[in-house]
>>> print(open('final_19.cif').read())   # mmCIF, C-alpha atoms
data_upload
#
loop_
_atom_site.group_PDB
_atom_site.id
_atom_site.type_symbol
_atom_site.label_atom_id
_atom_site.label_comp_id
_atom_site.auth_asym_id
_atom_site.auth_seq_id
_atom_site.Cartn_x
_atom_site.Cartn_y
_atom_site.Cartn_z
ATOM 1 C CA MET A 79 0.000 0.000 0.000
ATOM 2 C CA GLU A 80 2.910 2.339 0.712
ATOM 3 C CA ALA A 81 4.154 1.970 -2.867
ATOM 4 C CA LEU A 82 0.653 2.815 -4.114
ATOM 5 C CA HIS A 83 0.562 5.909 -1.927
ATOM 6 C CA GLU A 84 4.012 7.046 -3.052
ATOM 7 C CA ALA A 85 3.046 6.624 -6.710
ATOM 8 C CA GLY A 86 -0.096 8.653 -6.050
ATOM 9 C CA ILE A 87 1.896 11.472 -4.441
ATOM 10 C CA ARG A 88 4.250 11.624 -7.424
ATOM 11 C CA PHE A 89 1.316 11.679 -9.818
ATOM 12 C CA ALA A 90 -0.274 14.547 -7.864
ATOM 13 C CA ALA A 91 3.045 16.441 -7.956
ATOM 14 C CA LEU A 92 3.179 15.884 -11.717
ATOM 15 C CA LEU A 93 -0.328 17.307 -12.111
ATOM 16 C CA GLN A 94 0.446 20.351 -9.980
ATOM 17 C CA ALA A 95 3.604 20.983 -12.020
ATOM 18 C CA GLY A 96 1.538 21.067 -15.214
ATOM 19 C CA PRO A 97 0.457 24.138 -17.176
ATOM 20 C CA PRO A 98 -1.397 26.904 -15.273
ATOM 21 C CA TRP A 99 -4.613 26.353 -17.225
ATOM 22 C CA LEU A 100 -4.878 22.895 -15.671
ATOM 23 C CA GLU A 101 -5.259 24.430 -12.221
ATOM 24 C CA HIS A 102 -7.858 26.893 -13.533
ATOM 25 C CA ILE A 103 -9.958 23.908 -14.644
ATOM 26 C CA LEU A 104 -9.384 21.286 -11.956
ATOM 27 C CA LEU A 105 -9.596 23.527 -8.896
ATOM 28 C CA PRO A 106 -13.099 24.926 -9.648
ATOM 29 C CA LEU A 107 -14.218 21.473 -10.800
ATOM 30 C CA SER A 108 -13.303 19.971 -7.443
ATOM 31 C CA SER A 109 -15.499 22.574 -5.736
ATOM 32 C CA VAL A 110 -18.408 22.252 -8.170
ATOM 33 C CA ALA A 111 -18.377 18.450 -7.885
ATOM 34 C CA ASP A 112 -18.917 18.603 -4.115
ATOM 35 C CA PRO A 113 -21.783 16.154 -3.353
ATOM 36 C CA LYS A 114 -23.745 18.877 -1.548
ATOM 37 C CA HIS A 115 -24.404 20.547 -4.918
ATOM 38 C CA LEU A 116 -26.287 17.428 -6.031
ATOM 39 C CA PHE A 117 -28.703 18.083 -3.161
ATOM 40 C CA THR A 118 -28.986 21.859 -3.541
ATOM 41 C CA VAL A 119 -28.627 22.498 -7.289
ATOM 42 C CA CYS A 120 -28.878 19.358 -9.437
ATOM 43 C CA PHE A 121 -31.889 17.918 -7.634
ATOM 44 C CA PRO A 122 -34.206 20.968 -7.919
ATOM 45 C CA LEU A 123 -33.209 21.581 -11.560
ATOM 46 C CA CYS A 124 -33.709 17.937 -12.507
ATOM 47 C CA TYR A 125 -36.987 17.734 -10.565
ATOM 48 C CA SER A 126 -38.345 20.726 -12.492
ATOM 49 C CA LEU A 127 -37.831 18.795 -15.746
ATOM 50 C CA ASP A 128 -39.037 15.405 -14.534
ATOM 51 C CA ALA A 129 -40.254 14.724 -10.995
ATOM 52 C CA ALA A 130 -39.489 10.994 -11.073
ATOM 53 C CA LEU A 131 -36.026 11.620 -12.478
ATOM 54 C CA GLY A 132 -35.256 14.261 -9.856
ATOM 55 C CA THR A 133 -36.396 11.952 -7.076
ATOM 56 C CA ALA A 134 -34.212 9.146 -8.453
ATOM 57 C CA LEU A 135 -31.224 11.495 -8.576
ATOM 58 C CA LEU A 136 -31.648 12.530 -4.949
ATOM 59 C CA TRP A 137 -32.256 8.952 -3.833
ATOM 60 C CA GLY A 138 -29.056 7.851 -5.560
ATOM 61 C CA ALA A 139 -27.143 10.737 -3.988
ATOM 62 C CA LEU A 140 -28.239 10.046 -0.418
ATOM 63 C CA MET A 141 -27.863 6.262 -0.659
ATOM 64 C CA SER A 142 -24.378 6.485 -2.170
ATOM 65 C CA GLU A 143 -23.253 9.112 0.347
ATOM 66 C CA TRP A 144 -24.488 6.957 3.236
ATOM 67 C CA LEU A 145 -22.648 3.912 1.842
ATOM 68 C CA ASN A 146 -19.553 6.036 1.234
ATOM 69 C CA THR A 147 -19.567 7.130 4.884
ATOM 70 C CA MET A 148 -19.809 3.513 6.053
ATOM 71 C CA LEU A 149 -16.954 2.433 3.772
ATOM 72 C CA LYS A 150 -14.737 5.295 4.902
ATOM 73 C CA TRP A 151 -15.153 4.270 8.531
ATOM 74 C CA LEU A 152 -14.325 0.662 7.648
ATOM 75 C CA LEU A 153 -11.394 1.227 5.272
ATOM 76 C CA PHE A 154 -9.465 3.915 7.209
ATOM 77 C CA GLY A 155 -8.151 5.454 3.979
ATOM 78 C CA GLU A 156 -5.359 8.020 4.108
ATOM 79 C CA ARG A 157 -5.404 11.367 2.310
ATOM 80 C CA PRO A 158 -2.389 12.678 0.363
ATOM 81 C CA PHE A 159 -2.214 16.078 2.059
ATOM 82 C CA TRP A 160 -1.497 14.472 5.419
ATOM 83 C CA TRP A 161 0.049 11.118 4.387
ATOM 84 C CA VAL A 162 2.979 12.787 2.645
ATOM 85 C CA HIS A 163 3.981 14.227 6.066
ATOM 86 C CA GLU A 164 2.912 11.337 8.305
ATOM 87 C CA SER A 165 4.897 8.845 6.217
ATOM 88 C CA GLY A 166 8.008 10.999 6.138
ATOM 89 C CA MET A 167 8.002 11.161 2.358
ATOM 90 C CA ALA A 168 8.020 14.962 2.418
ATOM 91 C CA ALA A 169 11.234 14.869 4.477
ATOM 92 C CA ARG A 170 12.918 12.206 2.335
ATOM 93 C CA GLU A 171 12.193 13.687 -1.078
ATOM 94 C CA LEU A 172 12.111 17.172 -2.545
ATOM 95 C CA LEU A 173 8.431 17.525 -3.398
ATOM 96 C CA VAL A 174 6.689 20.705 -4.486
ATOM 97 C CA LEU A 175 3.100 20.220 -3.383
ATOM 98 C CA ARG A 176 0.427 22.795 -2.615
ATOM 99 C CA GLN A 177 -2.722 22.613 -0.565
ATOM 100 C CA PHE A 178 -5.909 24.447 -1.510
ATOM 101 C CA PRO A 179 -9.076 25.429 0.378
ATOM 102 C CA VAL A 180 -10.737 22.216 -0.854
ATOM 103 C CA SER A 181 -7.793 19.998 0.156
ATOM 104 C CA CYS A 182 -8.455 19.750 3.879
ATOM 105 C CA GLU A 183 -11.231 17.160 3.987
ATOM 106 C CA THR A 184 -11.621 15.777 7.492
ATOM 107 C CA GLY A 185 -13.036 12.324 6.774
ATOM 108 C CA PRO A 186 -11.057 9.210 5.800
ATOM 109 C CA GLY A 187 -10.032 9.084 2.153
ATOM 110 C CA SER A 188 -11.255 5.786 0.724
ATOM 111 C CA PRO A 189 -13.284 5.667 -1.446
ATOM 112 C CA SER A 190 -13.648 9.113 -3.019
ATOM 113 C CA GLY A 191 -17.029 10.578 -2.110
ATOM 114 C CA HIS A 192 -16.979 13.117 -4.941
ATOM 115 C CA CYS A 193 -16.589 10.357 -7.525
ATOM 116 C CA MET A 194 -18.847 7.803 -5.858
ATOM 117 C CA VAL A 195 -21.793 10.092 -5.107
ATOM 118 C CA THR A 196 -21.583 11.910 -8.459
ATOM 119 C CA GLY A 197 -21.407 8.604 -10.317
ATOM 120 C CA ALA A 198 -24.428 7.137 -8.540
ATOM 121 C CA ALA A 199 -26.584 10.276 -8.551
ATOM 122 C CA LEU A 200 -26.106 11.179 -12.218
ATOM 123 C CA TRP A 201 -26.656 7.655 -13.546
ATOM 124 C CA PRO A 202 -30.498 8.006 -13.770
ATOM 125 C CA LEU A 203 -30.140 11.280 -15.692
ATOM 126 C CA VAL A 204 -27.590 9.814 -18.111
ATOM 127 C CA ALA A 205 -29.654 6.659 -18.640
ATOM 128 C CA ALA A 206 -32.804 8.716 -19.292
ATOM 129 C CA LEU A 207 -31.053 10.957 -21.829
ATOM 130 C CA SER A 208 -29.642 7.908 -23.580
ATOM 131 C CA ALA A 209 -32.997 6.107 -23.686
ATOM 132 C CA ARG A 210 -34.717 9.101 -25.298
ATOM 133 C CA SER A 211 -32.255 9.184 -28.210
ATOM 134 C CA ARG A 212 -33.164 7.178 -31.300
ATOM 135 C CA SER A 213 -29.750 7.216 -32.949
ATOM 136 C CA PRO A 214 -27.227 4.660 -31.607
ATOM 137 C CA VAL A 215 -24.544 7.335 -31.794
ATOM 138 C CA LEU A 216 -26.592 9.803 -29.770
ATOM 139 C CA ARG A 217 -27.292 7.118 -27.188
ATOM 140 C CA ILE A 218 -23.584 6.808 -26.523
ATOM 141 C CA LEU A 219 -22.996 10.547 -26.088
ATOM 142 C CA PRO A 220 -24.564 10.901 -22.595
ATOM 143 C CA PHE A 221 -22.482 7.996 -21.285
ATOM 144 C CA ALA A 222 -19.334 9.356 -22.957
ATOM 145 C CA ALA A 223 -19.904 12.740 -21.284
ATOM 146 C CA TYR A 224 -20.622 10.953 -17.983
ATOM 147 C CA ILE A 225 -17.334 9.013 -18.133
ATOM 148 C CA LEU A 226 -15.348 12.121 -19.073
ATOM 149 C CA LEU A 227 -16.922 14.068 -16.206
ATOM 150 C CA LEU A 228 -16.087 11.360 -13.659
ATOM 151 C CA ALA A 229 -12.520 11.149 -14.981
ATOM 152 C CA ALA A 230 -12.128 14.930 -14.722
ATOM 153 C CA VAL A 231 -13.571 14.961 -11.185
ATOM 154 C CA GLY A 232 -11.171 12.196 -10.226
ATOM 155 C CA LEU A 233 -8.186 14.120 -11.588
ATOM 156 C CA SER A 234 -9.318 17.235 -9.745
ATOM 157 C CA ARG A 235 -9.413 15.349 -6.441
ATOM 158 C CA VAL A 236 -5.893 14.007 -6.992
ATOM 159 C CA PHE A 237 -4.710 17.484 -7.996
ATOM 160 C CA VAL A 238 -5.888 19.107 -4.749
ATOM 161 C CA LEU A 239 -4.330 16.287 -2.650
ATOM 162 C CA ALA A 240 -7.710 15.154 -1.333
ATOM 163 C CA HIS A 241 -7.407 11.608 -2.725
ATOM 164 C CA PHE A 242 -4.976 9.088 -4.088
ATOM 165 C CA PRO A 243 -5.637 7.785 -7.641
ATOM 166 C CA HIS A 244 -6.708 4.330 -6.425
ATOM 167 C CA GLN A 245 -9.320 5.931 -4.125
ATOM 168 C CA VAL A 246 -10.710 7.844 -7.095
ATOM 169 C CA VAL A 247 -10.888 4.698 -9.230
ATOM 170 C CA THR A 248 -12.631 2.638 -6.535
ATOM 171 C CA GLY A 249 -15.044 5.482 -5.788
ATOM 172 C CA THR A 250 -15.930 5.863 -9.451
ATOM 173 C CA MET A 251 -16.485 2.133 -9.925
ATOM 174 C CA ALA A 252 -18.605 1.901 -6.773
ATOM 175 C CA GLY A 253 -20.695 4.912 -7.807
ATOM 176 C CA VAL A 254 -21.366 3.630 -11.318
ATOM 177 C CA ALA A 255 -22.258 0.163 -9.994
ATOM 178 C CA LEU A 256 -24.582 1.601 -7.347
ATOM 179 C CA GLY A 257 -26.243 3.957 -9.832
ATOM 180 C CA TRP A 258 -26.888 1.034 -12.170
ATOM 181 C CA GLY A 259 -28.141 -1.131 -9.312
ATOM 182 C CA LEU A 260 -30.569 1.525 -8.039
ATOM 183 C CA GLN A 261 -32.014 2.233 -11.501
ATOM 184 C CA GLY A 262 -35.773 1.722 -11.407
ATOM 185 C CA ARG A 263 -35.704 0.984 -7.673
ATOM 186 C CA THR A 264 -36.548 4.400 -6.216
ATOM 187 C CA PRO A 265 -39.269 4.116 -3.531
ATOM 188 C CA GLY A 266 -42.460 6.046 -4.066
ATOM 189 C CA SER A 267 -44.239 5.916 -0.722
ATOM 190 C CA PRO A 268 -43.783 8.305 2.205
ATOM 191 C CA CYS A 269 -43.428 5.317 4.527
ATOM 192 C CA ALA A 270 -40.441 3.932 2.597
ATOM 193 C CA PHE A 271 -38.655 7.264 2.655
ATOM 194 C CA ALA A 272 -39.438 7.749 6.357
ATOM 195 C CA CYS A 273 -38.022 4.300 7.122
ATOM 196 C CA ALA A 274 -34.867 5.206 5.203
ATOM 197 C CA ALA A 275 -34.574 8.422 7.244
ATOM 198 C CA LEU A 276 -34.530 6.249 10.379
ATOM 199 C CA VAL A 277 -32.534 3.233 9.183
ATOM 200 C CA LEU A 278 -29.662 5.077 7.468
ATOM 201 C CA PRO A 279 -28.396 7.060 10.497
ATOM 202 C CA LEU A 280 -29.228 4.261 12.937
ATOM 203 C CA SER A 281 -27.194 1.677 10.995
ATOM 204 C CA ALA A 282 -24.258 4.077 10.629
ATOM 205 C CA LEU A 283 -24.279 4.960 14.321
ATOM 206 C CA ILE A 284 -24.394 1.256 15.232
ATOM 207 C CA LEU A 285 -21.347 0.652 13.029
ATOM 208 C CA ARG A 286 -19.600 3.609 14.669
ATOM 209 C CA TRP A 287 -20.396 2.192 18.127
ATOM 210 C CA VAL A 288 -19.144 -1.297 17.145
ATOM 211 C CA LEU A 289 -15.873 0.132 15.839
ATOM 212 C CA SER A 290 -15.430 2.205 18.994
ATOM 213 C CA ALA A 291 -16.188 -0.816 21.179
ATOM 214 C CA ALA A 292 -13.503 -2.723 19.251
ATOM 215 C CA GLY A 293 -10.986 -0.035 20.192
ATOM 216 C CA LEU A 294 -10.933 1.705 16.799
ATOM 217 C CA ASP A 295 -11.023 5.493 16.653
ATOM 218 C CA THR A 296 -13.492 6.717 14.020
ATOM 219 C CA ASP A 297 -12.464 10.353 14.532
ATOM 220 C CA TRP A 298 -8.753 9.832 13.844
ATOM 221 C CA SER A 299 -8.953 11.557 10.461
ATOM 222 C CA ILE A 300 -10.385 14.773 11.945
ATOM 223 C CA ARG A 301 -7.381 15.211 14.215
ATOM 224 C CA THR A 302 -4.915 14.233 11.490
ATOM 225 C CA ALA A 303 -6.436 16.710 9.044
ATOM 226 C CA ALA A 304 -6.282 19.465 11.662
ATOM 227 C CA GLN A 305 -2.603 18.680 12.279
ATOM 228 C CA TRP A 306 -1.463 18.852 8.651
ATOM 229 C CA CYS A 307 -3.831 21.332 7.015
ATOM 230 C CA SER A 308 -1.889 24.440 5.953
ATOM 231 C CA ARG A 309 -4.562 26.825 7.204
ATOM 232 C CA PRO A 310 -7.054 26.080 9.989
ATOM 233 C CA ALA A 311 -9.683 28.172 8.163
ATOM 234 C CA TRP A 312 -9.753 25.527 5.430
ATOM 235 C CA LEU A 313 -11.072 22.885 7.841
ATOM 236 C CA ARG A 314 -14.852 22.665 7.435
ATOM 237 C CA THR A 315 -17.312 20.791 9.625
ATOM 238 C CA ASP A 316 -19.450 19.917 6.591
ATOM 239 C CA THR A 317 -16.683 17.547 5.391
ATOM 240 C CA ARG A 318 -17.004 15.355 8.487
ATOM 241 C CA PRO A 319 -18.649 11.949 7.980
ATOM 242 C CA LEU A 320 -21.416 12.749 10.478
ATOM 243 C CA ALA A 321 -22.387 15.853 8.484
ATOM 244 C CA SER A 322 -22.933 13.698 5.391
ATOM 245 C CA LEU A 323 -24.856 11.153 7.443
ATOM 246 C CA TRP A 324 -27.336 13.680 8.823
ATOM 247 C CA ARG A 325 -27.714 15.311 5.399
ATOM 248 C CA ASP A 326 -28.723 11.930 3.999
ATOM 249 C CA ALA A 327 -31.177 11.249 6.816
ATOM 250 C CA GLY A 328 -32.700 14.707 6.457
ATOM 251 C CA SER A 329 -33.002 14.359 2.686
ATOM 252 C CA ALA A 330 -34.813 11.037 3.088
ATOM 253 C CA LEU A 331 -37.188 12.690 5.565
ATOM 254 C CA GLY A 332 -37.714 15.526 3.096
ATOM 255 C CA LEU A 333 -38.595 13.014 0.372
ATOM 256 C CA ALA A 334 -41.152 11.489 2.749
ATOM 257 C CA LEU A 335 -42.726 14.912 3.353
ATOM 258 C CA MET A 336 -42.705 15.602 -0.379
ATOM 259 C CA ALA A 337 -44.346 12.271 -1.228
ATOM 260 C CA ALA A 338 -46.981 12.785 1.460
ATOM 261 C CA ALA A 339 -48.061 16.148 -0.002
ATOM 262 C CA PRO A 340 -47.827 15.912 -3.792
ATOM 263 C CA ALA A 341 -47.767 19.274 -5.539
ATOM 264 C CA PRO A 342 -50.201 20.419 -8.242
ATOM 265 C CA ARG A 343 -49.160 20.169 -11.878
ATOM 266 C CA LEU A 344 -47.341 23.223 -13.171
ATOM 267 C CA GLY A 345 -46.697 24.517 -16.662
ATOM 268 C CA PRO A 346 -43.162 24.635 -18.123
ATOM 269 C CA GLY A 347 -42.648 28.275 -17.152
ATOM 270 C CA GLN A 348 -43.967 27.689 -13.652
ATOM 271 C CA ARG A 349 -41.701 24.653 -13.202
ATOM 272 C CA LEU A 350 -38.707 26.721 -14.293
ATOM 273 C CA ALA A 351 -39.622 29.483 -11.837
ATOM 274 C CA ALA A 352 -40.089 26.928 -9.061
ATOM 275 C CA ALA A 353 -36.672 25.421 -9.823
ATOM 276 C CA GLY A 354 -34.972 28.833 -9.694
ATOM 277 C CA ALA A 355 -36.709 29.724 -6.446
ATOM 278 C CA ALA A 356 -35.800 26.338 -4.964
ATOM 279 C CA VAL A 357 -32.115 26.654 -5.862
ATOM 280 C CA ALA A 358 -32.018 30.159 -4.366
ATOM 281 C CA ALA A 359 -33.780 29.002 -1.192
ATOM 282 C CA LEU A 360 -31.531 25.964 -0.734
ATOM 283 C CA ARG A 361 -28.382 28.005 -1.316
ATOM 284 C CA ALA A 362 -29.609 30.534 1.250
ATOM 285 C CA LEU A 363 -30.094 27.707 3.768
ATOM 286 C CA GLN A 364 -26.495 26.598 3.187
ATOM 287 C CA TRP A 365 -25.211 30.076 4.025
ATOM 288 C CA LEU A 366 -26.827 30.069 7.468
ATOM 289 C CA ARG A 367 -24.288 29.765 10.248
ATOM 290 C CA GLN A 368 -24.158 26.390 11.936
ATOM 291 C CA PRO A 369 -24.620 26.269 15.727
ATOM 292 C CA ARG A 370 -21.584 25.127 17.736
ATOM 293 C CA ASP A 371 -23.507 22.964 20.194
ATOM 294 C CA PRO A 372 -23.204 19.326 18.929
ATOM 295 C CA ALA A 373 -26.906 18.492 19.395
ATOM 296 C CA LEU A 374 -28.034 21.691 17.698
ATOM 297 C CA TRP A 375 -25.490 21.116 14.914
ATOM 298 C CA VAL A 376 -26.924 17.652 14.201
ATOM 299 C CA GLY A 377 -30.470 19.008 14.209
ATOM 300 C CA SER A 378 -29.490 21.892 11.930
ATOM 301 C CA CYS A 379 -27.862 19.542 9.382
ATOM 302 C CA ALA A 380 -30.903 17.265 9.276
ATOM 303 C CA LEU A 381 -33.514 20.031 9.173
ATOM 304 C CA ARG A 382 -31.789 21.964 6.396
ATOM 305 C CA ALA A 383 -31.510 18.795 4.338
ATOM 306 C CA ALA A 384 -35.160 17.881 4.979
ATOM 307 C CA ALA A 385 -36.288 21.348 3.920
ATOM 308 C CA GLY A 386 -34.797 20.826 0.444
ATOM 309 C CA PRO A 387 -37.111 18.157 -1.017
ATOM 310 C CA TRP A 388 -40.118 19.604 0.801
ATOM 311 C CA LEU A 389 -39.516 23.051 -0.712
ATOM 312 C CA VAL A 390 -38.763 21.659 -4.176
ATOM 313 C CA GLY A 391 -41.587 19.142 -4.449
ATOM 314 C CA ALA A 392 -44.353 20.508 -2.239
ATOM 315 C CA ALA A 393 -44.148 24.008 -0.754
ATOM 316 C CA LEU A 394 -42.852 26.128 -3.661
ATOM 317 C CA PRO A 395 -45.004 24.486 -6.384
ATOM 318 C CA ARG A 396 -48.099 24.980 -4.212
ATOM 319 C CA LEU A 397 -47.141 28.598 -3.574
ATOM 320 C CA LEU A 398 -46.571 29.280 -7.273
ATOM 321 C CA ALA A 399 -49.810 27.558 -8.260
ATOM 322 C CA GLY A 400 -51.693 29.655 -5.699
ATOM 323 C CA LEU A 401 -50.104 32.888 -6.919
ATOM 324 C CA CYS A 402 -50.911 32.092 -10.554
ATOM 325 C CA ARG A 403 -54.497 31.242 -9.633
ATOM 326 C CA ALA A 404 -54.891 34.485 -7.707
ATOM 327 C CA HIS A 405 -53.388 36.432 -10.634
ATOM 328 C CA ARG A 406 -55.875 34.910 -13.079
ATOM 329 C CA GLU A 407 -58.784 35.754 -10.814
#
>>> encode(input="final_19.cif", output="structure tokens")
Amino acid sequence: MEALHEAGIRFAALLQAGPPWLEHILLPLSSVADPKHLFTVCFPLCYSLDAALGTALLWGALMSEWLNTMLKWLLFGERPFWWVHESGMAARELLVLRQFPVSCETGPGSPSGHCMVTGAALWPLVAALSARSRSPVLRILPFAAYILLLAAVGLSRVFVLAHFPHQVVTGTMAGVALGWGLQGRTPGSPCAFACAALVLPLSALILRWVLSAAGLDTDWSIRTAAQWCSRPAWLRTDTRPLASLWRDAGSALGLALMAAAPAPRLGPGQRLAAAGAAVAALRALQWLRQPRDPALWVGSCALRAAAGPWLVGAALPRLLAGLCRAHRE
């Protein structure tokens, strides 16, 4: 494994030593491909075009992120930005490596969440676009773009020292496999979503308790990241595994609320307006300051995530339909 890590560090150094335009592409891509944008941007936009497709996208995102959290706790994967110091490689070799604001992830590194969650969440969209094309050539184009996107996201994560290449490859493969496996299997009932909102965090917390009882420290990566991150301001609580876990539980609860109160049918223009309003509302929720108290922090993560699907699929469409009806009268 050490040889694999050393090869990954040298590959990252090679990428960072590349032409300046490479940084201008890969650095923003690493930020844009953050899984939280699937919840706050991709989901409302996709839902405005096709409700079933948007629901499948969000379901794939939350299921893959939950599984990614479980795997990270089990695999204890290193991250390049701290391993290069912990291993002594930085002292042995002359390496020119830079950290960036998106480098200092605090969870374990394997497998890559950016690649895994993006791969699983976007699979329904890619499959739908391919199925609607009559030409065999056009059917291939969505999958070709999908593969290129995942490859670019993977390179961006290696570039910023957030992941080793093998973590990117395993994350991509797991995400594609999970997206394919979940195709056509999105629940439709409020009860199923509510059960998921309970089972997902409960199962993860049980795993965390079992690992702790076995003498394994599930928070080791948080301390290691804090030790080797170039700037403390780059450490973000939303990169912790528990933050992802409560986002997934809240999103499942939001899907239950959305399914329990189906929205009226809207016209194309109304759906577009609802999508824009939803994206703006969800982005505004993300900008709210998180409370420091642990219990309040957990509740805030879950409630903000639950508000997303409810706003997108129930509250905002009803509000827009009511406003349009009042305008006509």
>>> residues_near_point(input="final_19.cif", point="(-39.2, 13.0, -9.5)", cutoff="12 Å", atoms="all atoms listed in the file", output="PyMOL selection string")
chain A and resi 121-137+202-203+262+264-266+333+336-337+340-341+387+390-392
>>> write_last_selection(input="final_19.cif", atoms="C-alpha atoms", output="compact mmCIF listing (two decimals), in the frame of the given file")
# COMPACT_ATOMS: atom_id res chain seq x y z
CA PHE A 121 -31.89 17.92 -7.63
CA PRO A 122 -34.21 20.97 -7.92
CA LEU A 123 -33.21 21.58 -11.56
CA CYS A 124 -33.71 17.94 -12.51
CA TYR A 125 -36.99 17.73 -10.56
CA SER A 126 -38.34 20.73 -12.49
CA LEU A 127 -37.83 18.80 -15.75
CA ASP A 128 -39.04 15.40 -14.53
CA ALA A 129 -40.25 14.72 -11.00
CA ALA A 130 -39.49 10.99 -11.07
CA LEU A 131 -36.03 11.62 -12.48
CA GLY A 132 -35.26 14.26 -9.86
CA THR A 133 -36.40 11.95 -7.08
CA ALA A 134 -34.21 9.15 -8.45
CA LEU A 135 -31.22 11.50 -8.58
CA LEU A 136 -31.65 12.53 -4.95
CA TRP A 137 -32.26 8.95 -3.83
CA PRO A 202 -30.50 8.01 -13.77
CA LEU A 203 -30.14 11.28 -15.69
CA GLY A 262 -35.77 1.72 -11.41
CA THR A 264 -36.55 4.40 -6.22
CA PRO A 265 -39.27 4.12 -3.53
CA GLY A 266 -42.46 6.05 -4.07
CA LEU A 333 -38.60 13.01 0.37
CA MET A 336 -42.70 15.60 -0.38
CA ALA A 337 -44.35 12.27 -1.23
CA PRO A 340 -47.83 15.91 -3.79
CA ALA A 341 -47.77 19.27 -5.54
CA PRO A 387 -37.11 18.16 -1.02
CA VAL A 390 -38.76 21.66 -4.18
CA GLY A 391 -41.59 19.14 -4.45
CA ALA A 392 -44.35 20.51 -2.24
>>> closest_residue(input="final_19.cif", among="A:Pro220, A:Pro214, A:Gly86, A:Gly253", to="Ser190 (chain A)", atoms="all atoms listed in the file")
A:Gly253
>>> closest_residue(input="final_19.cif", among="A:Trp324, A:Phe237, A:Trp388, A:Trp161", to="His102 (chain A)", atoms="all atoms listed in the file")
A:Phe237
>>> closest_residue(input="final_19.cif", among="A:Phe117, A:Trp160, A:Trp375, A:Trp144", to="Trp306 (chain A)", atoms="all atoms listed in the file")
A:Trp160
>>> resolve_selection(input="final_19.cif", expression="the PyMOL selection byres ((chain A and resi 151) around 12)", output="ChimeraX atom specification")
/A:144-150,152-156,185-189,282-290,294-299,318-320,323
>>> atom_distance(input="final_19.cif", atom1="CA of Cys402 (chain A)", atom2="CA of Ala384 (chain A)")
26.3 Å
>>> resolve_selection(input="final_19.cif", expression="the PyMOL selection byres ((chain A and resi 83) around 12)", output="mmCIF file with C-alpha atoms, in the coordinates of the input")
data_model
loop_
_atom_site.group_PDB
_atom_site.id
_atom_site.type_symbol
_atom_site.label_atom_id
_atom_site.label_comp_id
_atom_site.auth_asym_id
_atom_site.auth_seq_id
_atom_site.Cartn_x
_atom_site.Cartn_y
_atom_site.Cartn_z
ATOM 1 C CA MET A 79 0.000 0.000 0.000
ATOM 2 C CA GLU A 80 2.910 2.339 0.712
ATOM 3 C CA ALA A 81 4.154 1.970 -2.867
ATOM 4 C CA LEU A 82 0.653 2.815 -4.114
ATOM 5 C CA GLU A 84 4.012 7.046 -3.052
ATOM 6 C CA ALA A 85 3.046 6.624 -6.710
ATOM 7 C CA GLY A 86 -0.096 8.653 -6.050
ATOM 8 C CA ILE A 87 1.896 11.472 -4.441
ATOM 9 C CA ARG A 88 4.250 11.624 -7.424
ATOM 10 C CA PHE A 89 1.316 11.679 -9.818
ATOM 11 C CA ALA A 90 -0.274 14.547 -7.864
ATOM 12 C CA GLY A 155 -8.151 5.454 3.979
ATOM 13 C CA GLU A 156 -5.359 8.020 4.108
ATOM 14 C CA ARG A 157 -5.404 11.367 2.310
ATOM 15 C CA PRO A 158 -2.389 12.678 0.363
ATOM 16 C CA PHE A 159 -2.214 16.078 2.059
ATOM 17 C CA TRP A 160 -1.497 14.472 5.419
ATOM 18 C CA TRP A 161 0.049 11.118 4.387
ATOM 19 C CA VAL A 162 2.979 12.787 2.645
ATOM 20 C CA GLU A 164 2.912 11.337 8.305
ATOM 21 C CA SER A 165 4.897 8.845 6.217
ATOM 22 C CA MET A 167 8.002 11.161 2.358
ATOM 23 C CA GLY A 187 -10.032 9.084 2.153
ATOM 24 C CA VAL A 236 -5.893 14.007 -6.992
ATOM 25 C CA LEU A 239 -4.330 16.287 -2.650
ATOM 26 C CA HIS A 241 -7.407 11.608 -2.725
ATOM 27 C CA PHE A 242 -4.976 9.088 -4.088
ATOM 28 C CA PRO A 243 -5.637 7.785 -7.641
ATOM 29 C CA HIS A 244 -6.708 4.330 -6.425
ATOM 30 C CA GLN A 245 -9.320 5.931 -4.125
#
>>> atom_distance(input="final_19.cif", atom1="CA of Ala252 (chain A)", atom2="CA of Leu227 (chain A)")
15.5 Å
>>> atom_distance(input="final_19.cif", atom1="CA of Ala240 (chain A)", atom2="CA of Ala380 (chain A)")
25.6 Å
>>> resolve_selection(input="final_19.cif", expression="the PyMOL selection byres ((chain A and resi 105) around 10)", output="list in words")
Leu100, Glu101, His102, Ile103, Leu104, Pro106, Leu107, Ser108, Ser109, Val110, Phe178, Pro179, Val180, Ser181, Val231, Leu233, Ser234, Arg235, Phe237 and Val238 of chain A
>>> residues_around(input="final_19.cif", residues="Glu143 (chain A)", least_positions_apart="3", cutoff="7 Å", atoms="all atoms listed in the file", output="list of chain:residue names")
A:Ala139, A:Leu140, A:Asn146, A:Thr147, A:Gly191, A:Val195, A:Ser322
>>> residues_around(input="final_19.cif", residues="Cys273 (chain A)", least_positions_apart="2", cutoff="10 Å", atoms="only C-alpha atoms", output="list in words")
Pro268, Cys269, Ala270, Phe271, Ala275, Leu276, Val277, Leu278, Ala327, Ala330, Leu331 and Ala334 of chain A
>>> write_last_selection(input="final_19.cif", atoms="C-alpha atoms", output="CSV table (one decimal), in the frame of the given file")
chain,number,residue,atom,x,y,z
A,268,PRO,CA,-43.8,8.3,2.2
A,269,CYS,CA,-43.4,5.3,4.5
A,270,ALA,CA,-40.4,3.9,2.6
A,271,PHE,CA,-38.7,7.3,2.7
A,275,ALA,CA,-34.6,8.4,7.2
A,276,LEU,CA,-34.5,6.2,10.4
A,277,VAL,CA,-32.5,3.2,9.2
A,278,LEU,CA,-29.7,5.1,7.5
A,327,ALA,CA,-31.2,11.2,6.8
A,330,ALA,CA,-34.8,11.0,3.1
A,331,LEU,CA,-37.2,12.7,5.6
A,334,ALA,CA,-41.2,11.5,2.7
